[in-house]
Amino acid sequence: MCTRTDEEPKDNLAPKQQASLEHVRLVNDFPIGVLHLGVKTHTLERAGLRTIGDLADVTPDRIMRIPTVGWRTADLLTRNRLALIEASDAEAGTDWDRYCESTDITLLPRENQPASGEEFLRVLPEFLNEVADNLSNEALSAILRERICQPPDRQKTLDQIASATTPPVTRERIRQKEKKLLGQLAGGLLNDTYGVLGIHFRPEFSYWWRRAADHLSHLDEIEFSEFVDCLSAAWNVSNDAVIEQLPIILAIVTGEPLMSAEFRTASRLDPRLFGVLKDEVLALPLNRLRLGRYAGRLAQEGSETVGDILLRLRDGSLGATGRKVADVVEQHANLLAACLGDHGQIDWQAYRDANSLICLPATPTASAAEFVAALRDMIGELLTVCYVTKRAPDIYRLRTSRTLGNQLTLQAVADAMETHLPTVKREETVFLRFLNQILIGHDFSALPVWLDDTWLDYWDEARAVYETSPDDYGQFCENLAWKWRLTVRDIGKAAPTIWAVLSGYPSDRRSKRLISEAPFVNHAVSPLPQLPVGRIRLRGFRRVH
């Protein structure tokens with residue numbers, strides 16, 4: 001500890017410790033914040049001492065005449081200024097390792113000095129954990145680790161941190177500490193003003209923050225999409241690379257660890273959903289995904305495609321539909337993101353594996369002959385696995401899959417199954433509608449299995465043939481036999497099932513119900529905004545030039 005008193009002033013630099021003039025000039029433009037004078041830094045700045053150069057002709061005695069500034073601050077200023085000059089060289093610049101070692105200040109990050117924007121974003125969480133390790137205050141470390149460094153859904157509350165502190169403090173005290181910590185982080189990274197942080201940031205790391213601040217210096221508020229685009233340009237990285245670290249970046253930029261509700265929702269989305277997605281992905285009908293009953297509910301509200309729900313997830317409007325709907329869609333969107341290929345297309349094999357779906361048929365269908373030969377068993381298995389109705393597999397086997405001459409009447413089936421005729425009729429109608437929706441309409445939202453694409457292609461071909469002769473069962477069989485280069489007898493094994501699924505009624509009878517509309521309607525795909533609508537206030541994110 002220094003024992004110098006007010007009556008024993010010294011020259012600013014002792015004669016034996018005078019550095020060269022070039023050394024002094026090199027550090028003159030540094031703000032006095034680099035001297036780590038704690039809370040007195042602002043006091044000295046208000047007195048007009050803002051840079052190291054401003055201190056050149058100022059004696060300790062003059063410094064101590066500033067209200068609230070005593071000999072300890074004057075002595076620390078003198079010692080640290082000398083250390084800074086001695087650690088600086090006209091050619092090599094300032095050796096910050098040497099300076100921090102001589103002043104007993106922690107220099108971070110110790111390693112991982114990023115050479116690119118991508119590397120900077122990658123090491124950002126590790127850097128903040130390193131900061132937390134070197135904070136002397138338990139509450140500050142907890143705030144950094146458990147709030148600022150955490151995504152919104154895993155952030156601890158102020159009350160949780162307050163009660164875990166030894167001794168416990170109030171939530172308001174934690175809030176005050178958090179605000180000061182964020183201000184010190186921003187001040188140190190942007191302007192070399194550290195307050196009582198006790199940590200110095202390497203210029204190679206601070207450079208990336210200052211580069212971003214220079215891009216944003218002319219703004220007080222900015223749209224989220226513009227904000228991410230601006231940071232992407234400043235750091236020469238993709239938008240999704242920025243979004244991955246968005247909670248941390250926003251906390252430092254805005255001085256607030258908590259984001260607005262709509263942006264908090266967007267931040268939980270996989271960053272790949274903000275990248276470049278293929279138009280066929282954006283236009284993909286929701287009923288192709290395994291969203292269950294929520295697909296129909298969303299369609300009723302006008303959200304019919306993947307692009308539609310991404311828009312709503314990003315702007316936070318999906319929550320108005322219901323929290324459960326928003327949670328399910330959010331989880332499924334992230335699952336879909338994990339199944340995206342390198343070029344923004346969906347890897348359907350990965351999607352099938354992610355949903356643990358068995359494939360029917362188990363092996364790809366090799367020919368039309370194989371398709372018709374195995375169709376009865378395949379549909380029976382599908383009805384069993386999907387459990388459309390209790391009696392669906394048996395009704396299909398006894399009646400629907402047979403030709404008119406061989407099928408049992410509704411009453412005969414009812415007697416065989418010890419139930420009533422209307423029950424049989426109702427269940428047959430239900431499972432035929434179900435089959436039509438999945439096989440023709442490609443509504444897979446509630447389907448617990450994966451249907452082989454080649455097998456579905458044969459259904460599409462059968463539909464096209466059916467539309468040329470929708471009222472003539474015999475003509476339909478002949479046309480289908482010609483299409484697939486099979487005999488009418490071969491087609492006869494599968495024709496009753498195909499006709500029933502397409503028309504809604506067994507064999508050569510036809511209901512008034514039309515077959516499903518084409519599964520894909522080519523709506524114009526409007527471009528997706530990169531982020532939700534909203535504005536953020538850039539509190540404290542200013543360079544002092």
# chains A, B, ... in the order shown; residues from 1 in each chain; ligands from 1

$ residues_around --residues "segment 226-233 of chain A" --least-positions-apart "2" --cutoff "10 Å" --atoms "only C-alpha atoms" --output "number ranges by chain"
A: 117-118, 208-209, 211-213, 215-216, 221-224, 235-243, 246, 249-250, 530-531, 535-536, 538

$ write_last_selection --atoms "N, CA, C and O atoms" --output "compact mmCIF listing (two decimals), in the first residue's frame"
# COMPACT_ATOMS: atom_id res chain seq x y z
N GLY A 117 -14.80 -12.87 -38.13
CA GLY A 117 -16.10 -12.72 -37.49
C GLY A 117 -16.68 -14.05 -37.04
O GLY A 117 -17.28 -14.15 -35.97
N GLU A 118 -16.51 -15.07 -37.85
CA GLU A 118 -17.02 -16.40 -37.50
C GLU A 118 -16.36 -16.92 -36.23
O GLU A 118 -17.02 -17.46 -35.34
N TRP A 208 -13.98 -6.46 -32.66
CA TRP A 208 -15.19 -6.91 -33.36
C TRP A 208 -16.42 -6.19 -32.82
O TRP A 208 -17.34 -5.87 -33.58
N TRP A 209 -16.46 -5.92 -31.52
CA TRP A 209 -17.56 -5.15 -30.96
C TRP A 209 -17.53 -3.72 -31.50
O TRP A 209 -18.57 -3.14 -31.83
N ARG A 211 -16.21 -2.65 -34.23
CA ARG A 211 -16.53 -2.63 -35.66
C ARG A 211 -18.05 -2.63 -35.86
O ARG A 211 -18.57 -1.90 -36.71
N ALA A 212 -18.74 -3.42 -35.04
CA ALA A 212 -20.21 -3.43 -35.11
C ALA A 212 -20.78 -2.10 -34.66
O ALA A 212 -21.72 -1.57 -35.27
N ALA A 213 -20.23 -1.55 -33.58
CA ALA A 213 -20.73 -0.27 -33.06
C ALA A 213 -20.56 0.84 -34.09
O ALA A 213 -21.41 1.73 -34.22
N HIS A 215 -20.77 0.52 -37.27
CA HIS A 215 -21.82 0.33 -38.27
C HIS A 215 -23.17 0.83 -37.77
O HIS A 215 -24.04 1.20 -38.56
N LEU A 216 -23.35 0.84 -36.44
CA LEU A 216 -24.64 1.20 -35.86
C LEU A 216 -24.63 2.58 -35.21
O LEU A 216 -25.63 2.99 -34.63
N GLU A 221 -32.48 3.55 -32.78
CA GLU A 221 -33.31 2.35 -32.81
C GLU A 221 -33.16 1.70 -34.18
O GLU A 221 -32.78 2.35 -35.15
N ILE A 222 -33.47 0.42 -34.23
CA ILE A 222 -33.30 -0.31 -35.49
C ILE A 222 -34.23 -1.50 -35.49
O ILE A 222 -34.51 -2.09 -34.45
N GLU A 223 -34.75 -1.84 -36.66
CA GLU A 223 -35.57 -3.04 -36.80
C GLU A 223 -34.69 -4.26 -36.58
O GLU A 223 -33.49 -4.26 -36.87
N PHE A 224 -35.29 -5.33 -36.07
CA PHE A 224 -34.53 -6.55 -35.81
C PHE A 224 -33.86 -7.08 -37.07
O PHE A 224 -32.69 -7.48 -37.04
N TRP A 235 -19.39 -8.12 -39.53
CA TRP A 235 -18.52 -9.24 -39.17
C TRP A 235 -18.27 -10.20 -40.33
O TRP A 235 -17.55 -11.19 -40.17
N ASN A 236 -18.93 -9.92 -41.47
CA ASN A 236 -18.77 -10.77 -42.66
C ASN A 236 -19.13 -12.23 -42.35
O ASN A 236 -18.37 -13.15 -42.63
N VAL A 237 -20.30 -12.40 -41.74
CA VAL A 237 -20.78 -13.74 -41.40
C VAL A 237 -22.22 -13.85 -41.89
O VAL A 237 -22.85 -12.87 -42.27
N SER A 238 -22.75 -15.08 -41.84
CA SER A 238 -24.14 -15.30 -42.24
C SER A 238 -25.09 -14.85 -41.13
O SER A 238 -24.70 -14.74 -39.96
N ASN A 239 -26.34 -14.59 -41.50
CA ASN A 239 -27.34 -14.19 -40.51
C ASN A 239 -27.53 -15.23 -39.42
O ASN A 239 -27.69 -14.90 -38.25
N ASP A 240 -27.52 -16.51 -39.81
CA ASP A 240 -27.78 -17.54 -38.81
C ASP A 240 -26.62 -17.63 -37.80
O ASP A 240 -26.84 -18.01 -36.65
N ALA A 241 -25.39 -17.26 -38.21
CA ALA A 241 -24.28 -17.24 -37.26
C ALA A 241 -24.49 -16.16 -36.20
O ALA A 241 -24.18 -16.35 -35.03
N VAL A 242 -25.05 -15.02 -36.62
CA VAL A 242 -25.37 -13.96 -35.66
C VAL A 242 -26.50 -14.40 -34.74
O VAL A 242 -26.44 -14.22 -33.52
N ILE A 243 -27.53 -14.98 -35.32
CA ILE A 243 -28.72 -15.36 -34.55
C ILE A 243 -28.38 -16.39 -33.48
O ILE A 243 -28.96 -16.40 -32.40
N LEU A 246 -27.46 -14.52 -30.52
CA LEU A 246 -28.24 -13.30 -30.38
C LEU A 246 -28.57 -12.91 -28.94
O LEU A 246 -28.51 -11.72 -28.60
N ILE A 249 -25.51 -11.10 -27.58
CA ILE A 249 -25.26 -9.85 -28.29
C ILE A 249 -26.28 -8.79 -27.88
O ILE A 249 -25.94 -7.64 -27.58
N LEU A 250 -27.55 -9.17 -27.84
CA LEU A 250 -28.60 -8.21 -27.48
C LEU A 250 -28.44 -7.70 -26.06
O LEU A 250 -28.71 -6.53 -25.77
N GLN A 530 -36.11 -11.91 -42.56
CA GLN A 530 -35.11 -12.66 -41.80
C GLN A 530 -35.40 -12.71 -40.31
O GLN A 530 -34.94 -13.56 -39.62
N LEU A 531 -36.17 -11.73 -39.80
CA LEU A 531 -36.42 -11.69 -38.37
C LEU A 531 -37.78 -11.05 -38.12
O LEU A 531 -38.35 -10.43 -39.00
N ARG A 535 -38.62 -3.39 -32.84
CA ARG A 535 -37.46 -2.52 -32.76
C ARG A 535 -36.72 -2.75 -31.46
O ARG A 535 -37.32 -3.11 -30.45
N ILE A 536 -35.41 -2.54 -31.49
CA ILE A 536 -34.62 -2.61 -30.27
C ILE A 536 -33.93 -1.27 -30.09
O ILE A 536 -33.58 -0.60 -31.05
N LEU A 538 -30.73 0.73 -28.89
CA LEU A 538 -29.31 0.44 -28.75
C LEU A 538 -28.72 1.22 -27.58
O LEU A 538 -27.87 2.09 -27.72

$ closest_residue --among "A:Leu55, A:Cys339, A:Leu182, A:Leu357" --to "Ile252 of chain A" --atoms "only C-alpha atoms"
A:Leu182

$ closest_residue --among "A:Phe371, A:Arg79, A:Ala234, A:Arg62" --to "Asp104 of chain A" --atoms "only C-alpha atoms"
A:Arg79

$ closest_residue --among "A:Leu277, A:Leu410, A:Val449, A:Val27" --to "Asp353 of chain A" --atoms "only C-alpha atoms"
A:Val449

$ residues_around --residues "Arg433 of chain A" --least-positions-apart "3" --cutoff "8 Å" --atoms "only C-alpha atoms" --output "list in words"
Thr429, Val430, Asn436, Gln437, Val501 and Gly504 of chain A

$ write_last_selection --atoms "C-alpha atoms" --output "PDB file, in the first residue's frame"
ATOM      1  CA  THR A 429     -67.098 -44.362 -44.942  1.00  0.00           C
ATOM      2  CA  VAL A 430     -64.684 -43.098 -42.284  1.00  0.00           C
ATOM      3  CA  ASN A 436     -58.342 -40.895 -49.639  1.00  0.00           C
ATOM      4  CA  GLN A 437     -56.880 -38.040 -47.595  1.00  0.00           C
ATOM      5  CA  VAL A 501     -60.351 -45.138 -52.187  1.00  0.00           C
ATOM      6  CA  GLY A 504     -65.435 -43.274 -51.665  1.00  0.00           C
TER       7      GLY A 504
END

$ residues_around --residues "segment 74-78 of chain A" --least-positions-apart "6" --cutoff "7 Å" --atoms "only C-alpha atoms" --output "PDB file with C-alpha atoms, in the first residue's frame"
ATOM      1  CA  ASN A  12       3.954  12.921 -12.278  1.00  0.00           C
ATOM      2  CA  LEU A  35      -5.908   2.928 -16.254  1.00  0.00           C
ATOM      3  CA  LEU A  37      -9.333   3.789 -11.789  1.00  0.00           C
ATOM      4  CA  PRO A  60      -0.830  14.398  -8.365  1.00  0.00           C
ATOM      5  CA  ILE A  63      -5.553  15.623  -9.278  1.00  0.00           C
ATOM      6  CA  MET A  64      -6.190  15.489  -5.549  1.00  0.00           C
TER       7      MET A  64
END

$ residues_around --residues "Asn129 of chain A" --least-positions-apart "4" --cutoff "10 Å" --atoms "only C-alpha atoms" --output "ChimeraX atom specification"
/A:124-125,133-134,141,144-145,149

$ write_last_selection --atoms "N, CA and C atoms" --output "tab-separated table (two decimals), in the first residue's frame"
chain	number	residue	atom	x	y	z
A	124	LEU	N	-17.49	-16.51	-28.38
A	124	LEU	CA	-18.17	-15.55	-27.52
A	124	LEU	C	-18.68	-16.17	-26.21
A	125	PRO	N	-19.38	-17.33	-26.23
A	125	PRO	CA	-19.82	-17.92	-24.96
A	125	PRO	C	-18.65	-18.28	-24.05
A	133	ASP	N	-15.58	-16.38	-14.52
A	133	ASP	CA	-14.59	-17.02	-13.66
A	133	ASP	C	-13.72	-16.01	-12.92
A	134	ASN	N	-13.58	-14.82	-13.49
A	134	ASN	CA	-12.66	-13.84	-12.94
A	134	ASN	C	-13.35	-12.66	-12.25
A	141	SER	N	-21.09	-13.13	-11.01
A	141	SER	CA	-20.79	-14.36	-11.75
A	141	SER	C	-22.07	-15.11	-12.07
A	144	LEU	N	-24.04	-13.40	-14.85
A	144	LEU	CA	-23.43	-13.61	-16.17
A	144	LEU	C	-23.68	-15.03	-16.66
A	145	ARG	N	-23.48	-16.01	-15.79
A	145	ARG	CA	-23.61	-17.41	-16.21
A	145	ARG	C	-25.07	-17.81	-16.42
A	149	CYS	N	-25.73	-15.30	-20.26
A	149	CYS	CA	-25.19	-16.33	-21.16
A	149	CYS	C	-26.23	-17.40	-21.53

$ decode --residues "segment 270-305 of chain A" --atoms "N, CA, C and O atoms" --output "CSV table (one decimal), in the first residue's frame"
chain,number,residue,atom,x,y,z
A,270,ASP,N,-34.2,-22.6,-34.3
A,270,ASP,CA,-32.9,-23.0,-34.9
A,270,ASP,C,-32.4,-22.0,-35.9
A,270,ASP,O,-33.2,-21.6,-36.8
A,271,PRO,N,-31.2,-21.5,-35.8
A,271,PRO,CA,-30.7,-20.5,-36.7
A,271,PRO,C,-30.8,-20.9,-38.2
A,271,PRO,O,-30.9,-20.0,-39.0
A,272,ARG,N,-30.8,-22.2,-38.4
A,272,ARG,CA,-30.9,-22.6,-39.8
A,272,ARG,C,-32.2,-22.2,-40.5
A,272,ARG,O,-32.4,-22.1,-41.7
A,273,LEU,N,-33.3,-22.0,-39.7
A,273,LEU,CA,-34.6,-21.6,-40.2
A,273,LEU,C,-34.5,-20.1,-40.7
A,273,LEU,O,-35.4,-19.7,-41.4
A,274,PHE,N,-33.5,-19.4,-40.3
A,274,PHE,CA,-33.3,-18.0,-40.8
A,274,PHE,C,-32.4,-17.9,-42.0
A,274,PHE,O,-32.1,-16.9,-42.5
A,275,GLY,N,-31.9,-19.1,-42.4
A,275,GLY,CA,-31.0,-19.1,-43.6
A,275,GLY,C,-31.7,-19.2,-44.9
A,275,GLY,O,-32.9,-18.9,-45.0
A,276,VAL,N,-31.1,-19.6,-45.9
A,276,VAL,CA,-31.7,-19.7,-47.2
A,276,VAL,C,-32.4,-21.0,-47.4
A,276,VAL,O,-31.7,-22.0,-47.4
A,277,LEU,N,-33.7,-21.0,-47.5
A,277,LEU,CA,-34.5,-22.2,-47.6
A,277,LEU,C,-35.0,-22.2,-49.1
A,277,LEU,O,-35.3,-21.2,-49.7
A,278,LYS,N,-35.1,-23.5,-49.6
A,278,LYS,CA,-35.6,-23.7,-50.9
A,278,LYS,C,-37.1,-23.3,-51.0
A,278,LYS,O,-37.8,-23.4,-50.0
A,279,ASP,N,-37.5,-22.8,-52.1
A,279,ASP,CA,-38.9,-22.4,-52.3
A,279,ASP,C,-39.8,-23.6,-52.1
A,279,ASP,O,-40.9,-23.4,-51.5
A,280,GLU,N,-39.4,-24.8,-52.4
A,280,GLU,CA,-40.2,-26.0,-52.2
A,280,GLU,C,-40.4,-26.3,-50.8
A,280,GLU,O,-41.4,-26.9,-50.4
A,281,VAL,N,-39.5,-25.9,-49.9
A,281,VAL,CA,-39.6,-26.0,-48.5
A,281,VAL,C,-40.6,-25.0,-47.9
A,281,VAL,O,-41.5,-25.3,-47.2
A,282,LEU,N,-40.5,-23.8,-48.4
A,282,LEU,CA,-41.3,-22.7,-47.9
A,282,LEU,C,-42.8,-23.0,-48.3
A,282,LEU,O,-43.7,-22.6,-47.6
A,283,ALA,N,-43.0,-23.5,-49.5
A,283,ALA,CA,-44.3,-23.8,-50.0
A,283,ALA,C,-44.9,-25.1,-49.6
A,283,ALA,O,-46.0,-25.5,-50.0
A,284,LEU,N,-44.1,-25.9,-48.9
A,284,LEU,CA,-44.6,-27.2,-48.5
A,284,LEU,C,-45.8,-27.1,-47.6
A,284,LEU,O,-45.8,-26.5,-46.6
A,285,PRO,N,-46.9,-27.8,-48.0
A,285,PRO,CA,-48.1,-27.8,-47.1
A,285,PRO,C,-47.8,-28.4,-45.7
A,285,PRO,O,-47.1,-29.4,-45.6
A,286,LEU,N,-48.4,-27.8,-44.7
A,286,LEU,CA,-48.2,-28.3,-43.4
A,286,LEU,C,-48.7,-29.7,-43.2
A,286,LEU,O,-48.1,-30.4,-42.3
A,287,ASN,N,-49.7,-30.1,-43.9
A,287,ASN,CA,-50.2,-31.5,-43.7
A,287,ASN,C,-49.2,-32.6,-44.2
A,287,ASN,O,-49.5,-33.8,-44.0
A,288,ARG,N,-48.1,-32.2,-44.8
A,288,ARG,CA,-47.0,-33.1,-45.1
A,288,ARG,C,-46.2,-33.5,-43.9
A,288,ARG,O,-45.5,-34.4,-43.9
A,289,LEU,N,-46.2,-32.6,-42.9
A,289,LEU,CA,-45.5,-32.8,-41.7
A,289,LEU,C,-46.3,-33.5,-40.6
A,289,LEU,O,-47.5,-33.4,-40.6
A,290,ARG,N,-45.7,-34.1,-39.6
A,290,ARG,CA,-46.4,-34.8,-38.6
A,290,ARG,C,-46.7,-33.8,-37.4
A,290,ARG,O,-46.2,-33.9,-36.3
A,291,LEU,N,-47.7,-32.9,-37.7
A,291,LEU,CA,-48.1,-32.0,-36.8
A,291,LEU,C,-49.4,-32.4,-36.1
A,291,LEU,O,-50.0,-31.6,-35.3
A,292,GLY,N,-50.0,-33.5,-36.5
A,292,GLY,CA,-51.2,-34.0,-35.8
A,292,GLY,C,-52.4,-33.0,-36.1
A,292,GLY,O,-52.5,-32.4,-37.2
A,293,ARG,N,-53.2,-32.9,-35.1
A,293,ARG,CA,-54.4,-32.1,-35.3
A,293,ARG,C,-54.1,-30.6,-35.4
A,293,ARG,O,-55.0,-29.8,-35.9
A,294,TYR,N,-52.9,-30.2,-35.1
A,294,TYR,CA,-52.6,-28.8,-35.2
A,294,TYR,C,-52.4,-28.3,-36.6
A,294,TYR,O,-52.6,-27.1,-36.9
A,295,ALA,N,-52.1,-29.2,-37.5
A,295,ALA,CA,-52.0,-28.8,-38.9
A,295,ALA,C,-53.3,-28.3,-39.4
A,295,ALA,O,-53.4,-27.2,-40.1
A,296,GLY,N,-54.4,-29.0,-39.1
A,296,GLY,CA,-55.7,-28.5,-39.6
A,296,GLY,C,-56.1,-27.2,-38.9
A,296,GLY,O,-56.7,-26.3,-39.5
A,297,ARG,N,-55.8,-27.1,-37.6
A,297,ARG,CA,-56.1,-25.9,-36.9
A,297,ARG,C,-55.4,-24.7,-37.5
A,297,ARG,O,-56.0,-23.6,-37.6
A,298,LEU,N,-54.2,-24.9,-37.8
A,298,LEU,CA,-53.4,-23.8,-38.4
A,298,LEU,C,-53.9,-23.4,-39.8
A,298,LEU,O,-53.9,-22.2,-40.2
A,299,ALA,N,-54.3,-24.5,-40.6
A,299,ALA,CA,-54.8,-24.2,-41.9
A,299,ALA,C,-56.1,-23.4,-41.9
A,299,ALA,O,-56.3,-22.5,-42.7
A,300,GLN,N,-56.9,-23.6,-40.9
A,300,GLN,CA,-58.1,-22.8,-40.7
A,300,GLN,C,-57.8,-21.4,-40.5
A,300,GLN,O,-58.6,-20.5,-40.8
A,301,GLU,N,-56.7,-21.1,-39.9
A,301,GLU,CA,-56.3,-19.7,-39.5
A,301,GLU,C,-55.5,-19.1,-40.7
A,301,GLU,O,-55.0,-18.0,-40.6
A,302,GLY,N,-55.3,-19.8,-41.8
A,302,GLY,CA,-54.6,-19.3,-42.9
A,302,GLY,C,-53.1,-19.6,-43.0
A,302,GLY,O,-52.4,-19.2,-43.9
A,303,SER,N,-52.7,-20.5,-42.1
A,303,SER,CA,-51.3,-20.9,-42.1
A,303,SER,C,-51.2,-22.3,-42.7
A,303,SER,O,-51.4,-23.3,-42.0
A,304,GLU,N,-51.0,-22.4,-44.0
A,304,GLU,CA,-51.1,-23.6,-44.7
A,304,GLU,C,-49.7,-24.2,-45.1
A,304,GLU,O,-49.7,-25.4,-45.5
A,305,THR,N,-48.7,-23.4,-45.1
A,305,THR,CA,-47.4,-23.9,-45.6
A,305,THR,C,-46.3,-23.7,-44.5
A,305,THR,O,-46.5,-23.0,-43.5
